[in-house]
>>> print(open('final34.cif').read())   # mmCIF, C-alpha atoms
data_structure
loop_
_atom_site.label_atom_id
_atom_site.label_comp_id
_atom_site.auth_asym_id
_atom_site.auth_seq_id
_atom_site.Cartn_x
_atom_site.Cartn_y
_atom_site.Cartn_z
CA MET A 1 15.06 13.15 30.85
CA ILE A 2 16.98 10.20 29.47
CA ASN A 3 19.25 11.41 26.70
CA LYS A 4 19.02 9.56 23.38
CA LYS A 5 20.88 12.09 21.29
CA VAL A 6 24.01 10.94 19.50
CA ASP A 7 26.41 13.42 17.94
CA ASN A 8 26.87 11.96 14.51
CA ILE A 9 25.89 9.26 12.07
CA THR A 10 28.91 7.10 13.00
CA GLU A 11 27.69 6.89 16.58
CA ALA A 12 24.09 6.42 15.44
CA LEU A 13 24.97 3.30 13.44
CA LYS A 14 27.40 1.81 15.97
CA GLY A 15 27.08 -1.97 16.09
CA VAL A 16 25.79 -2.37 12.55
CA SER A 17 27.41 -5.37 10.85
CA ASP A 18 27.10 -7.89 8.03
CA ASN A 19 24.17 -10.36 7.92
CA MET A 20 21.91 -8.32 10.19
CA THR A 21 18.17 -7.71 9.77
CA PHE A 22 17.11 -4.08 9.40
CA MET A 23 13.72 -2.38 9.27
CA PHE A 24 13.29 0.83 7.30
CA GLY A 25 10.42 3.29 7.59
CA GLY A 26 9.06 4.92 4.45
CA PHE A 27 6.45 4.49 1.72
CA GLY A 28 7.98 4.75 -1.71
CA LEU A 29 10.61 7.44 -1.21
CA SER A 30 8.47 9.36 1.28
CA GLY A 31 9.70 9.30 4.88
CA ILE A 32 12.74 7.10 4.24
CA PRO A 33 15.79 7.42 6.53
CA GLU A 34 18.01 8.99 3.86
CA ASN A 35 21.00 9.60 6.13
CA ALA A 36 21.09 6.09 7.60
CA ILE A 37 20.84 4.57 4.12
CA ALA A 38 23.71 6.76 2.87
CA GLU A 39 25.85 5.62 5.81
CA LEU A 40 25.04 1.93 5.19
CA VAL A 41 26.08 2.44 1.57
CA LYS A 42 29.35 3.98 2.76
CA ARG A 43 30.05 1.18 5.23
CA LYS A 44 29.34 -1.50 2.62
CA VAL A 45 27.80 -3.88 5.19
CA LYS A 46 26.42 -6.85 3.28
CA GLY A 47 24.28 -9.98 3.54
CA LEU A 48 21.46 -7.81 4.87
CA THR A 49 17.84 -8.77 5.34
CA CYS A 50 15.79 -5.62 4.82
CA ILE A 51 12.19 -5.13 5.92
CA SER A 52 10.69 -2.18 4.08
CA ASN A 53 7.38 -1.61 2.29
CA ASN A 54 9.24 -0.78 -0.93
CA ALA A 55 12.75 -1.28 -2.26
CA GLY A 56 13.49 2.24 -3.45
CA VAL A 57 14.20 3.22 -7.06
CA ASP A 58 17.31 2.42 -9.08
CA ASP A 59 19.38 5.33 -7.80
CA PHE A 60 17.75 6.30 -4.51
CA GLY A 61 16.50 4.84 -1.25
CA LEU A 62 17.19 1.13 -0.74
CA GLY A 63 18.02 0.97 -4.46
CA LEU A 64 21.43 2.31 -3.43
CA LEU A 65 22.05 -0.75 -1.22
CA LEU A 66 20.74 -3.07 -3.94
CA HIS A 67 23.09 -1.50 -6.44
CA GLN A 68 26.08 -2.49 -4.28
CA LYS A 69 24.57 -5.97 -3.74
CA GLN A 70 24.45 -5.41 0.03
CA ILE A 71 20.99 -6.93 0.40
CA LYS A 72 20.57 -10.70 0.62
CA LYS A 73 16.85 -10.74 1.33
CA MET A 74 14.07 -8.20 0.94
CA ILE A 75 10.75 -8.37 2.79
CA SER A 76 8.32 -5.93 1.15
CA SER A 77 4.77 -5.49 -0.10
CA TYR A 78 5.47 -3.68 -3.37
CA VAL A 79 8.71 -3.62 -5.33
CA GLY A 80 7.88 -2.09 -8.73
CA GLU A 81 9.80 0.91 -10.04
CA ASN A 82 13.21 -0.74 -9.68
CA ASP A 83 14.96 -2.44 -12.62
CA GLU A 84 18.03 -3.57 -10.68
CA PHE A 85 15.77 -5.16 -8.07
CA GLU A 86 13.90 -7.08 -10.76
CA ARG A 87 17.14 -8.23 -12.37
CA GLN A 88 18.57 -9.51 -9.07
CA MET A 89 15.29 -11.18 -8.15
CA LEU A 90 14.85 -12.96 -11.49
CA SER A 91 18.51 -14.09 -11.53
CA GLY A 92 18.10 -15.51 -8.02
CA GLU A 93 20.78 -13.27 -6.46
CA LEU A 94 18.18 -11.67 -4.25
CA ASP A 95 15.74 -13.52 -2.03
CA VAL A 96 12.36 -11.75 -1.97
CA GLU A 97 9.42 -12.28 0.38
CA LEU A 98 6.35 -10.34 -0.70
CA ILE A 99 3.74 -9.87 2.01
CA PRO A 100 0.50 -7.87 2.24
CA GLN A 101 1.05 -4.26 3.25
CA GLY A 102 -1.25 -4.37 6.28
CA THR A 103 0.46 -7.56 7.42
CA LEU A 104 3.83 -5.83 7.11
CA ALA A 105 2.62 -2.93 9.25
CA GLU A 106 1.07 -5.23 11.84
CA ARG A 107 4.12 -7.53 12.06
CA ALA A 108 6.11 -4.42 12.95
CA ARG A 109 3.48 -3.21 15.40
CA ALA A 110 3.29 -6.67 17.00
CA ALA A 111 7.06 -6.62 17.55
CA GLN A 112 6.75 -3.15 19.06
CA ALA A 113 3.83 -4.14 21.30
CA GLY A 114 5.08 -7.55 22.48
CA PHE A 115 2.71 -9.81 20.55
CA PRO A 116 4.44 -12.91 19.13
CA ALA A 117 1.83 -13.39 16.41
CA PHE A 118 -1.66 -12.44 15.26
CA TYR A 119 -4.39 -13.63 12.92
CA THR A 120 -5.27 -11.66 9.81
CA PRO A 121 -7.68 -12.41 6.96
CA ALA A 122 -5.21 -10.98 4.42
CA GLY A 123 -3.81 -13.58 2.05
CA TYR A 124 -6.10 -16.43 3.08
CA GLY A 125 -6.53 -18.81 0.14
CA THR A 126 -3.52 -17.35 -1.68
CA GLU A 127 0.13 -18.40 -1.95
CA VAL A 128 0.92 -15.96 0.89
CA ALA A 129 -0.83 -18.34 3.30
CA GLU A 130 0.98 -21.47 2.09
CA GLY A 131 2.57 -23.36 4.97
CA LYS A 132 1.02 -21.06 7.56
CA GLU A 133 -1.37 -21.94 10.33
CA THR A 134 -4.98 -20.93 9.57
CA ARG A 135 -7.97 -20.73 11.85
CA GLU A 136 -11.66 -19.97 11.66
CA PHE A 137 -13.23 -17.27 13.80
CA ASP A 138 -16.99 -16.63 13.49
CA GLY A 139 -17.14 -18.37 10.13
CA LYS A 140 -14.27 -16.50 8.53
CA MET A 141 -10.76 -17.82 7.86
CA TYR A 142 -7.59 -16.15 9.11
CA VAL A 143 -3.84 -16.67 8.69
CA LEU A 144 -1.36 -16.65 11.58
CA GLU A 145 1.42 -14.12 11.01
CA HIS A 146 4.43 -13.59 13.27
CA ALA A 147 6.02 -10.46 14.69
CA PHE A 148 9.21 -9.31 12.97
CA LYS A 149 12.56 -9.83 14.64
CA ALA A 150 15.16 -7.26 13.65
CA ASP A 151 18.50 -5.92 14.85
CA PHE A 152 17.98 -2.28 13.89
CA ALA A 153 15.03 -0.12 12.90
CA PHE A 154 15.95 2.97 10.88
CA ILE A 155 13.33 5.66 11.26
CA LYS A 156 12.80 9.11 9.79
CA ALA A 157 10.74 11.68 11.72
CA TRP A 158 10.03 15.37 11.13
CA LYS A 159 10.78 16.76 14.58
CA GLY A 160 12.27 15.15 17.63
CA ASP A 161 14.03 15.97 20.86
CA ALA A 162 16.93 14.46 22.82
CA ALA A 163 14.42 12.44 24.89
CA GLY A 164 13.54 10.60 21.67
CA ASN A 165 10.03 12.03 21.38
CA LEU A 166 8.90 12.19 17.76
CA ILE A 167 6.47 14.02 15.49
CA PHE A 168 5.95 12.95 11.90
CA LYS A 169 4.75 14.99 8.94
CA GLY A 170 2.05 14.15 6.39
CA THR A 171 2.19 10.75 4.75
CA ALA A 172 5.92 10.58 5.52
CA ARG A 173 4.63 9.04 8.76
CA ASN A 174 3.58 5.68 7.20
CA PHE A 175 5.50 2.71 8.70
CA ASN A 176 7.87 4.84 10.76
CA PRO A 177 5.87 4.94 14.03
CA ASN A 178 5.06 1.21 13.78
CA MET A 179 8.73 0.28 13.50
CA CYS A 180 9.88 2.35 16.50
CA GLY A 181 10.79 -0.10 19.24
CA ALA A 182 10.15 -3.05 16.91
CA ALA A 183 13.87 -3.90 16.62
CA LYS A 184 16.61 -4.36 19.22
CA ILE A 185 17.88 -0.86 18.50
CA THR A 186 15.78 1.97 17.04
CA VAL A 187 17.78 4.71 15.34
CA VAL A 188 15.85 7.85 14.44
CA GLU A 189 16.94 10.67 12.19
CA VAL A 190 14.98 13.91 12.25
CA GLU A 191 14.81 16.96 10.04
CA GLU A 192 14.73 19.15 13.09
CA LEU A 193 16.15 18.26 16.50
CA VAL A 194 14.49 20.72 18.89
CA PRO A 195 15.40 21.52 22.52
CA VAL A 196 13.76 19.26 25.11
CA GLY A 197 10.56 20.94 26.29
CA ASP A 198 9.77 22.54 22.93
CA LEU A 199 7.50 19.73 21.78
CA ASP A 200 4.01 19.83 23.27
CA PRO A 201 3.51 16.46 25.05
CA ASN A 202 -0.06 16.42 23.67
CA GLN A 203 1.20 16.40 20.11
CA ILE A 204 3.86 13.67 20.32
CA HIS A 205 3.26 10.72 17.98
CA ILE A 206 5.93 8.39 19.42
CA PRO A 207 7.22 8.70 22.99
CA GLY A 208 10.98 8.48 23.49
CA ILE A 209 10.79 5.14 25.29
CA PHE A 210 10.62 3.41 21.87
CA VAL A 211 13.83 5.12 20.69
CA GLN A 212 17.47 4.31 21.54
CA ARG A 213 19.32 6.83 19.38
CA ILE A 214 18.31 10.10 17.75
CA PHE A 215 20.25 12.49 15.54
CA GLN A 216 19.64 15.39 13.21
CA GLY A 217 19.95 14.34 9.56
CA GLU A 218 22.54 16.32 7.66
CA THR A 219 20.58 16.86 4.45
CA TYR A 220 17.34 15.65 2.89
CA GLU A 221 16.74 15.29 -0.82
CA LYS A 222 13.10 14.18 -0.35
CA ARG A 223 12.80 13.04 -3.90
CA ILE A 224 9.29 12.94 -5.39
CA GLU A 225 8.56 9.69 -7.21
CA GLN A 226 5.44 10.72 -9.16
CA LEU A 227 5.16 14.47 -9.46
CA THR A 228 1.49 15.01 -10.30
CA VAL A 229 0.11 18.54 -10.53
CA ARG A 230 -2.82 20.42 -12.03
CA GLN A 231 -2.58 23.64 -13.96
CA ARG A 232 -3.65 26.87 -12.34
CA ALA A 233 -6.87 28.16 -13.84
CA MET B 1 -18.67 0.59 -25.21
CA LEU B 2 -17.09 2.64 -22.44
CA ASP B 3 -13.59 4.04 -22.17
CA LYS B 4 -11.73 4.19 -18.84
CA ASN B 5 -13.41 7.46 -17.89
CA GLY B 6 -16.80 5.95 -18.72
CA ILE B 7 -16.13 3.01 -16.38
CA ALA B 8 -15.10 5.47 -13.65
CA LYS B 9 -18.22 7.55 -14.27
CA ARG B 10 -20.50 4.52 -13.88
CA ILE B 11 -18.74 3.39 -10.70
CA ALA B 12 -19.04 6.88 -9.24
CA LYS B 13 -22.80 6.24 -9.05
CA GLU B 14 -22.10 3.52 -6.48
CA VAL B 15 -20.45 6.04 -4.16
CA LYS B 16 -23.03 7.13 -1.60
CA ASP B 17 -23.31 10.01 0.85
CA GLY B 18 -21.27 9.41 4.01
CA TYR B 19 -18.98 6.79 2.47
CA TYR B 20 -15.29 6.36 3.24
CA VAL B 21 -13.79 5.04 0.00
CA ASN B 22 -10.45 3.47 -0.89
CA LEU B 23 -9.49 3.84 -4.54
CA GLY B 24 -6.88 1.62 -6.15
CA ILE B 25 -4.39 2.65 -8.81
CA GLY B 26 -5.52 3.03 -12.45
CA ILE B 27 -9.20 3.37 -13.45
CA PRO B 28 -10.33 3.52 -9.76
CA THR B 29 -8.33 6.73 -9.25
CA LEU B 30 -10.48 8.38 -11.95
CA VAL B 31 -13.68 7.68 -9.98
CA ALA B 32 -12.96 10.66 -7.71
CA ASN B 33 -13.44 12.98 -10.71
CA PHE B 34 -17.06 11.88 -11.19
CA VAL B 35 -18.46 11.69 -7.66
CA ARG B 36 -21.47 14.03 -7.24
CA ASP B 37 -20.47 17.18 -5.41
CA ASP B 38 -23.69 17.35 -3.38
CA ILE B 39 -22.68 14.33 -1.26
CA ASP B 40 -20.03 14.01 1.45
CA VAL B 41 -17.40 11.39 0.70
CA GLU B 42 -13.88 10.94 2.09
CA PHE B 43 -11.16 9.17 0.14
CA GLN B 44 -8.70 7.03 2.05
CA SER B 45 -5.26 6.20 0.76
CA GLU B 46 -3.61 3.27 2.53
CA ASN B 47 -0.25 5.00 2.90
CA GLY B 48 -1.88 7.09 5.61
CA VAL B 49 -4.34 9.81 4.63
CA LEU B 50 -8.08 10.29 4.90
CA GLY B 51 -9.69 13.24 3.16
CA MET B 52 -7.60 13.33 0.01
CA GLY B 53 -8.09 16.30 -2.29
CA PRO B 54 -7.08 16.98 -5.89
CA PHE B 55 -3.52 17.09 -7.20
CA PRO B 56 -1.61 20.20 -6.09
CA PHE B 57 -1.07 23.21 -8.30
CA GLU B 58 2.35 23.27 -9.91
CA GLY B 59 4.87 24.50 -7.34
CA ASP B 60 2.66 23.60 -4.35
CA GLU B 61 3.67 19.92 -4.32
CA ASP B 62 5.02 18.48 -1.06
CA ALA B 63 7.19 15.32 -1.01
CA ASP B 64 5.66 14.49 2.37
CA ILE B 65 2.08 14.40 1.06
CA ILE B 66 1.48 11.61 -1.45
CA ASN B 67 -1.10 8.90 -2.20
CA ALA B 68 -0.56 5.15 -2.43
CA GLY B 69 0.40 5.55 -6.09
CA LYS B 70 3.22 7.83 -4.86
CA GLN B 71 1.61 10.80 -6.62
CA THR B 72 1.72 14.22 -4.98
CA ILE B 73 -1.72 15.15 -3.59
CA THR B 74 -3.48 17.73 -1.45
CA THR B 75 -5.79 17.30 1.52
CA LEU B 76 -9.25 18.76 2.11
CA PRO B 77 -10.49 20.43 5.32
CA GLY B 78 -11.13 17.68 7.88
CA ALA B 79 -8.37 15.46 6.53
CA SER B 80 -6.10 13.39 8.77
CA PHE B 81 -2.76 11.59 8.54
CA PHE B 82 -1.96 8.34 10.36
CA ASP B 83 0.51 5.47 10.46
CA SER B 84 0.29 2.31 8.33
CA ALA B 85 -0.99 0.04 11.13
CA THR B 86 -3.84 2.49 11.81
CA SER B 87 -4.54 2.72 8.09
CA PHE B 88 -4.98 -1.04 7.85
CA ALA B 89 -7.02 -1.06 11.05
CA MET B 90 -9.49 1.10 9.07
CA ILE B 91 -9.40 -1.42 6.24
CA ARG B 92 -9.25 -4.71 8.17
CA GLY B 93 -11.69 -3.43 10.77
CA GLN B 94 -14.23 -2.70 7.99
CA HIS B 95 -14.46 1.00 8.70
CA VAL B 96 -13.94 1.75 5.01
CA ASP B 97 -17.31 1.48 3.24
CA LEU B 98 -16.26 0.89 -0.33
CA THR B 99 -13.14 -0.44 -2.04
CA ILE B 100 -12.67 0.05 -5.78
CA LEU B 101 -9.78 -1.70 -7.44
CA GLY B 102 -8.48 -2.86 -10.78
CA SER B 103 -7.87 -6.49 -11.68
CA MET B 104 -6.31 -8.80 -14.22
CA GLU B 105 -8.86 -11.59 -13.62
CA VAL B 106 -12.05 -12.24 -11.64
CA SER B 107 -13.71 -15.64 -11.32
CA GLU B 108 -17.44 -16.36 -11.25
CA LYS B 109 -17.01 -17.21 -7.54
CA GLY B 110 -15.67 -13.71 -6.84
CA ASP B 111 -11.99 -14.72 -6.62
CA ILE B 112 -9.64 -11.97 -7.73
CA ALA B 113 -6.12 -12.12 -9.23
CA ASN B 114 -4.32 -8.84 -9.72
CA TRP B 115 -0.83 -8.94 -8.23
CA LYS B 116 1.39 -11.35 -10.08
CA ILE B 117 2.06 -12.88 -13.49
CA PRO B 118 4.55 -15.68 -12.77
CA GLY B 119 7.82 -15.18 -14.64
CA LYS B 120 6.65 -11.85 -16.06
CA MET B 121 5.45 -9.33 -13.56
CA VAL B 122 6.15 -9.58 -9.85
CA LYS B 123 5.70 -6.17 -8.32
CA GLY B 124 3.91 -7.26 -5.19
CA MET B 125 0.42 -7.04 -3.76
CA GLY B 126 0.84 -3.80 -1.85
CA GLY B 127 -2.36 -3.34 0.16
CA ALA B 128 -4.61 -5.29 -2.22
CA MET B 129 -4.70 -8.54 -0.21
CA ASP B 130 -5.66 -6.70 2.98
CA LEU B 131 -8.33 -4.74 1.12
CA VAL B 132 -10.00 -7.70 -0.59
CA ALA B 133 -9.83 -9.95 2.48
CA SER B 134 -11.70 -7.46 4.65
CA ALA B 135 -13.85 -5.10 2.62
CA GLU B 136 -17.59 -5.82 2.65
CA ASN B 137 -18.17 -3.90 -0.54
CA ILE B 138 -15.65 -4.43 -3.34
CA ILE B 139 -16.14 -3.18 -6.88
CA VAL B 140 -13.68 -4.19 -9.58
CA ALA B 141 -13.03 -1.71 -12.38
CA MET B 142 -11.44 -3.26 -15.45
CA MET B 143 -11.67 -3.89 -19.18
CA HIS B 144 -13.81 -6.94 -20.00
CA THR B 145 -11.04 -8.57 -22.03
CA ASN B 146 -7.24 -8.40 -22.03
CA ARG B 147 -5.05 -7.06 -24.83
CA ALA B 148 -5.13 -10.45 -26.56
CA GLY B 149 -8.93 -10.26 -26.55
CA GLU B 150 -9.33 -12.99 -23.93
CA SER B 151 -12.01 -12.73 -21.26
CA LYS B 152 -10.97 -11.48 -17.81
CA LEU B 153 -14.23 -12.81 -16.30
CA LEU B 154 -13.41 -16.47 -15.88
CA LYS B 155 -14.69 -19.73 -14.44
CA GLU B 156 -11.46 -19.99 -12.45
CA CYS B 157 -8.63 -17.48 -12.21
CA SER B 158 -5.48 -18.70 -13.95
CA LEU B 159 -3.13 -16.27 -12.16
CA PRO B 160 -2.09 -16.42 -8.49
CA LEU B 161 -5.00 -15.20 -6.35
CA THR B 162 -5.15 -11.97 -4.38
CA GLY B 163 -8.26 -13.06 -2.49
CA VAL B 164 -11.07 -15.63 -2.57
CA ALA B 165 -14.83 -15.10 -2.96
CA CYS B 166 -14.64 -11.38 -2.26
CA VAL B 167 -15.66 -9.40 -5.35
CA LYS B 168 -19.31 -8.27 -5.28
CA LYS B 169 -19.57 -6.17 -8.41
CA ILE B 170 -17.63 -5.65 -11.64
CA VAL B 171 -17.88 -2.66 -13.94
CA THR B 172 -16.19 -3.11 -17.32
CA ASN B 173 -16.18 -1.31 -20.65
CA LEU B 174 -19.08 -3.59 -21.65
CA ALA B 175 -21.23 -4.24 -18.60
CA VAL B 176 -22.14 -4.01 -14.93
CA ILE B 177 -22.06 -7.47 -13.39
CA GLU B 178 -22.97 -8.74 -9.95
CA VAL B 179 -21.13 -11.74 -8.54
CA THR B 180 -23.76 -14.16 -7.18
CA PRO B 181 -23.46 -17.68 -5.74
CA LYS B 182 -24.59 -18.95 -9.17
CA GLY B 183 -22.13 -16.93 -11.23
CA PHE B 184 -21.88 -13.57 -12.99
CA LYS B 185 -25.27 -11.86 -13.16
CA LEU B 186 -25.60 -9.30 -15.93
CA LEU B 187 -27.17 -6.12 -14.55
CA GLU B 188 -26.53 -3.46 -17.19
CA ARG B 189 -25.12 -3.10 -20.68
CA ALA B 190 -22.76 -0.32 -21.73
CA PRO B 191 -24.26 2.07 -24.29
CA GLY B 192 -24.46 0.41 -27.70
CA VAL B 193 -23.33 -3.02 -26.45
CA SER B 194 -25.56 -6.07 -26.98
CA VAL B 195 -26.14 -8.94 -24.56
CA GLU B 196 -24.61 -11.24 -27.19
CA GLU B 197 -21.37 -9.24 -27.23
CA ILE B 198 -21.14 -9.42 -23.43
CA LYS B 199 -21.86 -13.15 -23.49
CA LYS B 200 -19.09 -13.67 -26.04
CA ALA B 201 -16.59 -11.73 -23.95
CA THR B 202 -17.41 -13.57 -20.71
CA GLU B 203 -15.84 -16.99 -20.13
CA GLY B 204 -17.48 -17.64 -16.77
CA GLU B 205 -21.14 -18.48 -16.24
CA LEU B 206 -23.22 -15.44 -17.27
CA ILE B 207 -26.74 -15.24 -15.86
CA ILE B 208 -29.16 -13.23 -17.99
CA GLU B 209 -32.62 -12.64 -16.56
CA GLY B 210 -35.19 -10.62 -18.50
CA ASP B 211 -34.40 -7.43 -20.32
CA ILE B 212 -30.98 -6.01 -19.53
CA PRO B 213 -31.13 -2.22 -19.37
CA GLU B 214 -28.49 0.09 -20.79
CA MET B 215 -26.37 1.94 -18.22
CA GLU B 216 -27.34 5.43 -17.24
CA LEU B 217 -24.27 7.59 -16.96
#
>>> encode(input="final34.cif", output="structure tokens")
Amino acid sequence: MINKKVDNITEALKGVSDNMTFMFGGFGLSGIPENAIAELVKRKVKGLTCISNNAGVDDFGLGLLLHQKQIKKMISSYVGENDEFERQMLSGELDVELIPQGTLAERARAAQAGFPAFYTPAGYGTEVAEGKETREFDGKMYVLEHAFKADFAFIKAWKGDAAGNLIFKGTARNFNPNMCGAAKITVVEVEELVPVGDLDPNQIHIPGIFVQRIFQGETYEKRIEQLTVRQRA
Amino acid sequence: MLDKNGIAKRIAKEVKDGYYVNLGIGIPTLVANFVRDDIDVEFQSENGVLGMGPFPFEGDEDADIINAGKQTITTLPGASFFDSATSFAMIRGQHVDLTILGSMEVSEKGDIANWKIPGKMVKGMGGAMDLVASAENIIVAMMHTNRAGESKLLKECSLPLTGVACVKKIVTNLAVIEVTPKGFKLLERAPGVSVEEIKKATEGELIIEGDIPEMEL
């Protein structure tokens, strides 16, 4: 067993510095690496390029980094629900690249899997395809998209072990597995770090080979963005 | 004239037994409420769930189980969770049978614009560009005109496009329309709505052949 466990958040984020490119798992506020984000806020690293499906809300998730103006560029598919984001984008303080959600997932997966680029039909004929190579296959047009290049990927999993093996829960899985191993260093925080051997190898979603550092998150708020319920009959 | 629930009710008739269906945010979400319960249908949400159920009872909500609108949801027996790349493999690989989404504009060529109003609203396309670029069967659910009373069924879209020549059918508060190579073909009228009213509210080429029946809901 190759040990990936680090003792604390300081060790987990060793090497993080200004002007780096980071990937963050999560969809909305579900499955975001809350502890890593809190530490980045504390360290005040700035000039960051952040790859994340969403940009958090005003006072949680990546919204916390935006609030301190730590982010220079955001690469996302959907950025509603965040007034400070909109203000910084419209004033030109923040550079924003909006890309289709499936393209975002696949650019991460391509980086993980060693593909430099791939063709996708998404965005053909729209401003997303402007300046990009296009090609016809079997009568349909496709756009060439490139794998992401990032310094760190910050991942949140449900359970993990010191070998770096991971299991995700529900829709908190989302982009997290695709971003593991897609950056130079993959840092995973888990709700529950279990002893090696406790996880059934048949049930593992991401094998430890894609992970460099793993630690148990201290606390999780797991904020719900749109609480929607029905009344009991 | 139909309200939002009426539009959803009419679209629900397009959902067939054995379909995997992706529902967009807004009116499309309502379609799930009107699907016949004697057929087997699974709803996919692109954030990574197949087999979505109703909203949870108060107190049963789980922050780790949401739909693409970030609403708390439940799952039905047979449901599955998966990562985002797998989710879009289902979409891009045309394994999803029907996509229902809202729109700001549709052109008579089937172009769709629903993600950006320059200088006003820039929230992003989310999964919409992947969905419209790949889905074989796309139904747009929207009001026939915007708040200013202007037609949303146009010759050419004026807003930045989400996808080109992809919409097959449009269900509005006034009509059911098929997008054909020649333009918008009027299939059905909403209850109490005349062909003239639909014609007036449609900027793009509207093809009217024979008697246009009223929708059955």
>>> residues_around(input="final34.cif", residues="Asn178 (chain A)", least_positions_apart="6", cutoff="9 Å", atoms="only C-alpha atoms", output="list in words")
Gly25, Ala105, Glu106, Arg107, Ala108, Arg109, Ala110, Ala111 and Gln112 of chain A; Asp83, Ser84 and Ala85 of chain B
>>> interface_residues(input="final34.cif", of="chain A", to="chain B", cutoff="6 Å", atoms="only C-alpha atoms", output="ChimeraX atom specification")
/A:30,77-80,98,100-102,105-106,121-123,126,170-175,224,226-231
>>> closest_residue(input="final34.cif", among="B:Ile117, B:Ala201, B:Ile112, B:Ile177", to="Ser151 (chain B)", atoms="all atoms listed in the file")
B:Ala201
>>> resolve_selection(input="final34.cif", expression="the PyMOL selection byres ((chain B and resi 31-42) around 12)", output="ChimeraX atom specification")
/B:4-30,43-45,49-55,75-80,95-102,139-141,171,217
>>> resolve_selection(input="final34.cif", expression="the PyMOL selection byres ((chain B and resi 210-216) around 7)", output="PyMOL selection string")
chain B and resi 187-191+208-209+217
>>> resolve_selection(input="final34.cif", expression="the PyMOL selection byres ((chain A and resi 9) around 10)", output="PyMOL selection string")
chain A and resi 6-8+10-14+35-36+38-39+187+189+214-218
>>> residues_near_point(input="final34.cif", point="(27.5, 2.4, -0.3)", cutoff="9 Å", atoms="all atoms listed in the file", output="ChimeraX atom specification")
/A:37-45,64-65,67-68,70
>>> closest_atom_pairs(input="final34.cif", of="region 128-183 of chain A", to="region 50-54 of chain A", cutoff="12 Å", atoms="only C-alpha atoms", output="Markdown table")
| residue | atom | partner | partner_atom | distance |
| --- | --- | --- | --- | --- |
| A:Ala147 | CA | A:Ile51 | CA | 12.0 |
| A:Phe148 | CA | A:Ile51 | CA | 8.7 |
| A:Lys149 | CA | A:Ile51 | CA | 9.9 |
| A:Ala150 | CA | A:Ile51 | CA | 8.6 |
| A:Asp151 | CA | A:Cys50 | CA | 10.4 |
| A:Phe152 | CA | A:Cys50 | CA | 9.9 |
| A:Ala153 | CA | A:Ile51 | CA | 9.0 |
| A:Phe154 | CA | A:Ser52 | CA | 10.0 |
| A:Ile155 | CA | A:Ser52 | CA | 11.0 |
| A:Asn174 | CA | A:Asn53 | CA | 9.6 |
| A:Phe175 | CA | A:Asn53 | CA | 8.0 |
| A:Asn176 | CA | A:Ser52 | CA | 10.1 |
| A:Asn178 | CA | A:Ser52 | CA | 11.7 |
| A:Met179 | CA | A:Ser52 | CA | 9.9 |
| A:Ala182 | CA | A:Ile51 | CA | 11.4 |
| A:Ala183 | CA | A:Ile51 | CA | 10.9 |
>>> closest_residue(input="final34.cif", among="B:Ile207, B:Ala148, B:Ile138, B:Leu2", to="Glu108 (chain B)", atoms="only C-alpha atoms")
B:Ile207
>>> atom_distance(input="final34.cif", atom1="CA of Val16 (chain A)", atom2="CA of Asp58 (chain A)")
23.7 Å
>>> closest_residue(input="final34.cif", among="A:Lys222, A:Lys184, A:Arg213, A:His205", to="Ala162 (chain A)", atoms="all atoms listed in the file")
A:Arg213
>>> closest_residue(input="final34.cif", among="A:Thr186, A:Pro195, A:Gly114, A:Thr134", to="Ile209 (chain A)", atoms="all atoms listed in the file")
A:Thr186
